$ cat work-v6.json   # JSON, N, CA and C atoms
[["chain", "number", "residue", "atom", "x", "y", "z"],
["A", 1, "MET", "N", -0.51, -19.44, -12.10],
["A", 1, "MET", "CA", 0.71, -18.91, -11.53],
["A", 1, "MET", "C", 0.40, -17.84, -10.50],
["A", 2, "ALA", "N", -0.61, -17.04, -10.72],
["A", 2, "ALA", "CA", -0.93, -15.96, -9.79],
["A", 2, "ALA", "C", -1.40, -16.50, -8.45],
["A", 3, "LYS", "N", -2.15, -17.59, -8.48],
["A", 3, "LYS", "CA", -2.63, -18.16, -7.22],
["A", 3, "LYS", "C", -1.47, -18.61, -6.35],
["A", 4, "LYS", "N", -0.44, -19.16, -6.96],
["A", 4, "LYS", "CA", 0.72, -19.63, -6.21],
["A", 4, "LYS", "C", 1.45, -18.45, -5.56],
["A", 5, "ALA", "N", 1.55, -17.34, -6.27],
["A", 5, "ALA", "CA", 2.23, -16.17, -5.72],
["A", 5, "ALA", "C", 1.45, -15.58, -4.55],
["A", 6, "VAL", "N", 0.13, -15.51, -4.68],
["A", 6, "VAL", "CA", -0.70, -14.98, -3.60],
["A", 6, "VAL", "C", -0.65, -15.88, -2.39],
["A", 7, "ALA", "N", -0.67, -17.18, -2.61],
["A", 7, "ALA", "CA", -0.63, -18.12, -1.49],
["A", 7, "ALA", "C", 0.70, -18.04, -0.75],
["A", 8, "SER", "N", 1.80, -17.78, -1.45],
["A", 8, "SER", "CA", 3.09, -17.72, -0.78],
["A", 8, "SER", "C", 3.20, -16.46, 0.08],
["A", 9, "VAL", "N", 2.48, -15.40, -0.27],
["A", 9, "VAL", "CA", 2.51, -14.18, 0.54],
["A", 9, "VAL", "C", 1.78, -14.40, 1.86],
["A", 10, "GLN", "N", 0.77, -15.24, 1.88],
["A", 10, "GLN", "CA", -0.03, -15.46, 3.08],
["A", 10, "GLN", "C", 0.66, -16.36, 4.11],
["A", 11, "LYS", "N", 1.76, -16.97, 3.76],
["A", 11, "LYS", "CA", 2.47, -17.84, 4.70],
["A", 11, "LYS", "C", 3.61, -17.07, 5.35],
["A", 12, "GLY", "N", 3.85, -17.33, 6.62],
["A", 12, "GLY", "CA", 5.01, -16.79, 7.31],
["A", 12, "GLY", "C", 4.99, -15.29, 7.47],
["A", 13, "ALA", "N", 6.06, -14.62, 7.03],
["A", 13, "ALA", "CA", 6.25, -13.19, 7.27],
["A", 13, "ALA", "C", 5.37, -12.31, 6.40],
["A", 14, "GLY", "N", 4.72, -12.86, 5.39],
["A", 14, "GLY", "CA", 3.87, -12.08, 4.51],
["A", 14, "GLY", "C", 2.67, -11.47, 5.23],
["A", 15, "LYS", "N", 2.24, -12.09, 6.32],
["A", 15, "LYS", "CA", 1.10, -11.58, 7.08],
["A", 15, "LYS", "C", 1.47, -10.33, 7.88],
["A", 16, "GLY", "N", 2.73, -10.03, 8.01],
["A", 16, "GLY", "CA", 3.18, -8.87, 8.76],
["A", 16, "GLY", "C", 3.19, -7.59, 7.94],
["A", 17, "HIS", "N", 2.80, -7.67, 6.67],
["A", 17, "HIS", "CA", 2.80, -6.50, 5.79],
["A", 17, "HIS", "C", 1.43, -6.30, 5.17],
["A", 18, "THR", "N", 1.13, -5.06, 4.82],
["A", 18, "THR", "CA", -0.15, -4.70, 4.22],
["A", 18, "THR", "C", 0.10, -3.85, 2.98],
["A", 19, "LYS", "N", -0.67, -4.11, 1.93],
["A", 19, "LYS", "CA", -0.60, -3.27, 0.73],
["A", 19, "LYS", "C", -1.55, -2.11, 0.95],
["A", 20, "VAL", "N", -1.03, -0.89, 0.85],
["A", 20, "VAL", "CA", -1.83, 0.31, 1.06],
["A", 20, "VAL", "C", -1.89, 1.12, -0.23],
["A", 21, "ILE", "N", -3.03, 1.74, -0.46],
["A", 21, "ILE", "CA", -3.24, 2.56, -1.65],
["A", 21, "ILE", "C", -3.69, 3.93, -1.18],
["A", 22, "LYS", "N", -2.98, 4.96, -1.62],
["A", 22, "LYS", "CA", -3.23, 6.33, -1.18],
["A", 22, "LYS", "C", -3.48, 7.21, -2.41],
["A", 23, "MET", "N", -4.50, 8.06, -2.35],
["A", 23, "MET", "CA", -4.78, 8.96, -3.45],
["A", 23, "MET", "C", -3.99, 10.25, -3.24],
["A", 24, "VAL", "N", -3.21, 10.64, -4.26],
["A", 24, "VAL", "CA", -2.32, 11.79, -4.16],
["A", 24, "VAL", "C", -2.70, 12.79, -5.25],
["A", 25, "LYS", "N", -2.82, 14.07, -4.87],
["A", 25, "LYS", "CA", -3.17, 15.12, -5.83],
["A", 25, "LYS", "C", -1.89, 15.74, -6.39],
["A", 26, "SER", "N", -1.85, 15.89, -7.71],
["A", 26, "SER", "CA", -0.70, 16.49, -8.38],
["A", 26, "SER", "C", -0.74, 18.00, -8.20],
["A", 27, "SER", "N", 0.40, 18.59, -7.88],
["A", 27, "SER", "CA", 0.45, 20.04, -7.68],
["A", 27, "SER", "C", 0.42, 20.80, -9.02],
["A", 28, "LYS", "N", 0.91, 20.17, -10.10],
["A", 28, "LYS", "CA", 0.95, 20.83, -11.41],
["A", 28, "LYS", "C", -0.41, 20.85, -12.09],
["A", 29, "THR", "N", -1.05, 19.67, -12.20],
["A", 29, "THR", "CA", -2.28, 19.58, -12.98],
["A", 29, "THR", "C", -3.53, 19.55, -12.13],
["A", 30, "GLY", "N", -3.41, 19.24, -10.86],
["A", 30, "GLY", "CA", -4.58, 19.15, -9.98],
["A", 30, "GLY", "C", -5.31, 17.82, -10.09],
["A", 31, "SER", "N", -4.79, 16.91, -10.90],
["A", 31, "SER", "CA", -5.42, 15.60, -11.04],
["A", 31, "SER", "C", -4.94, 14.66, -9.94],
["A", 32, "TYR", "N", -5.70, 13.61, -9.72],
["A", 32, "TYR", "CA", -5.37, 12.64, -8.68],
["A", 32, "TYR", "C", -4.75, 11.40, -9.30],
["A", 33, "SER", "N", -3.84, 10.79, -8.58],
["A", 33, "SER", "CA", -3.26, 9.51, -8.96],
["A", 33, "SER", "C", -3.18, 8.64, -7.71],
["A", 34, "PHE", "N", -2.96, 7.36, -7.90],
["A", 34, "PHE", "CA", -2.92, 6.44, -6.79],
["A", 34, "PHE", "C", -1.50, 5.96, -6.56],
["A", 35, "GLN", "N", -1.08, 5.97, -5.30],
["A", 35, "GLN", "CA", 0.26, 5.53, -4.92],
["A", 35, "GLN", "C", 0.09, 4.24, -4.10],
["A", 36, "GLU", "N", 0.73, 3.17, -4.54],
["A", 36, "GLU", "CA", 0.64, 1.88, -3.86],
["A", 36, "GLU", "C", 1.98, 1.54, -3.23],
["A", 37, "ASP", "N", 1.92, 1.05, -1.99],
["A", 37, "ASP", "CA", 3.13, 0.62, -1.28],
["A", 37, "ASP", "C", 2.78, -0.58, -0.42],
["A", 38, "VAL", "N", 3.79, -1.32, -0.01],
["A", 38, "VAL", "CA", 3.65, -2.41, 0.94],
["A", 38, "VAL", "C", 4.42, -1.99, 2.19],
["A", 39, "VAL", "N", 3.69, -1.86, 3.32],
["A", 39, "VAL", "CA", 4.30, -1.39, 4.56],
["A", 39, "VAL", "C", 4.01, -2.40, 5.67],
["A", 40, "PRO", "N", 4.83, -2.41, 6.72],
["A", 40, "PRO", "CA", 4.55, -3.28, 7.88],
["A", 40, "PRO", "C", 3.24, -2.86, 8.55],
["A", 41, "ASN", "N", 2.56, -3.82, 9.15],
["A", 41, "ASN", "CA", 1.24, -3.57, 9.73],
["A", 41, "ASN", "C", 1.24, -2.45, 10.78],
["A", 42, "ASP", "N", 2.28, -2.34, 11.57],
["A", 42, "ASP", "CA", 2.30, -1.33, 12.62],
["A", 42, "ASP", "C", 2.59, 0.08, 12.10],
["A", 43, "LEU", "N", 2.95, 0.24, 10.83],
["A", 43, "LEU", "CA", 3.23, 1.57, 10.27],
["A", 43, "LEU", "C", 2.15, 2.06, 9.31],
["A", 44, "VAL", "N", 1.01, 1.36, 9.24],
["A", 44, "VAL", "CA", -0.04, 1.73, 8.29],
["A", 44, "VAL", "C", -0.63, 3.10, 8.63],
["A", 45, "LYS", "N", -0.93, 3.36, 9.89],
["A", 45, "LYS", "CA", -1.52, 4.66, 10.27],
["A", 45, "LYS", "C", -0.54, 5.80, 10.02],
["A", 46, "ASP", "N", 0.73, 5.58, 10.27],
["A", 46, "ASP", "CA", 1.74, 6.61, 10.01],
["A", 46, "ASP", "C", 1.87, 6.91, 8.52],
["A", 47, "TYR", "N", 1.68, 5.90, 7.69],
["A", 47, "TYR", "CA", 1.77, 6.08, 6.25],
["A", 47, "TYR", "C", 0.69, 7.05, 5.76],
["A", 48, "PHE", "N", -0.51, 6.95, 6.30],
["A", 48, "PHE", "CA", -1.59, 7.81, 5.84],
["A", 48, "PHE", "C", -1.55, 9.20, 6.46],
["A", 49, "LYS", "N", -0.78, 9.41, 7.53],
["A", 49, "LYS", "CA", -0.65, 10.73, 8.14],
["A", 49, "LYS", "C", 0.24, 11.65, 7.33],
["A", 50, "LYS", "N", 1.10, 11.11, 6.46],
["A", 50, "LYS", "CA", 2.03, 11.92, 5.66],
["A", 50, "LYS", "C", 1.27, 12.84, 4.74]]
$ encode --input "work-v6.json" --output "C-alpha cells"
Amino acid sequence: MAKKAVASVQKGAGKGHTKVIKMVKSSKTGSYSFQEDVVPNDLVKDYFKK
C-alpha cells in the first residue's frame, strides 16, 4: 500500500512540492525537535529563513 501512495505523489502536481524537515530548539527545555512540512518548491529557501 505504501508504494502506491508514494508513486501517486510522483505523478502530476506532486513534483511541485517538497517535504522539508527543520530542527527547532524549545525555549522552555532547550531540547531540539523536528518540524516537518510540505511546501512548494519555490518557497523552500524562505521556509528555512524563518
$ atom_distance --input "work-v6.json" --atom1 "atom N of A:Lys22" --atom2 "atom CA of A:Glu36"
5.3 Å
$ residues_around --input "work-v6.json" --residues "A:Val39" --least-positions-apart "4" --cutoff "8 Å" --atoms "only N, CA and C atoms" --output "ChimeraX atom specification"
/A:16-20,43-44
$ atom_distance --input "work-v6.json" --atom1 "atom CA of A:Tyr47" --atom2 "atom N of A:Thr29"
23.1 Å
$ atom_distance --input "work-v6.json" --atom1 "atom CA of A:Gly14" --atom2 "atom N of A:Lys45"
17.0 Å
$ residues_around --input "work-v6.json" --residues "A:Ser33" --least-positions-apart "3" --cutoff "6.5 Å" --atoms "all atoms listed in the file" --output "number ranges by chain"
A: 22-26
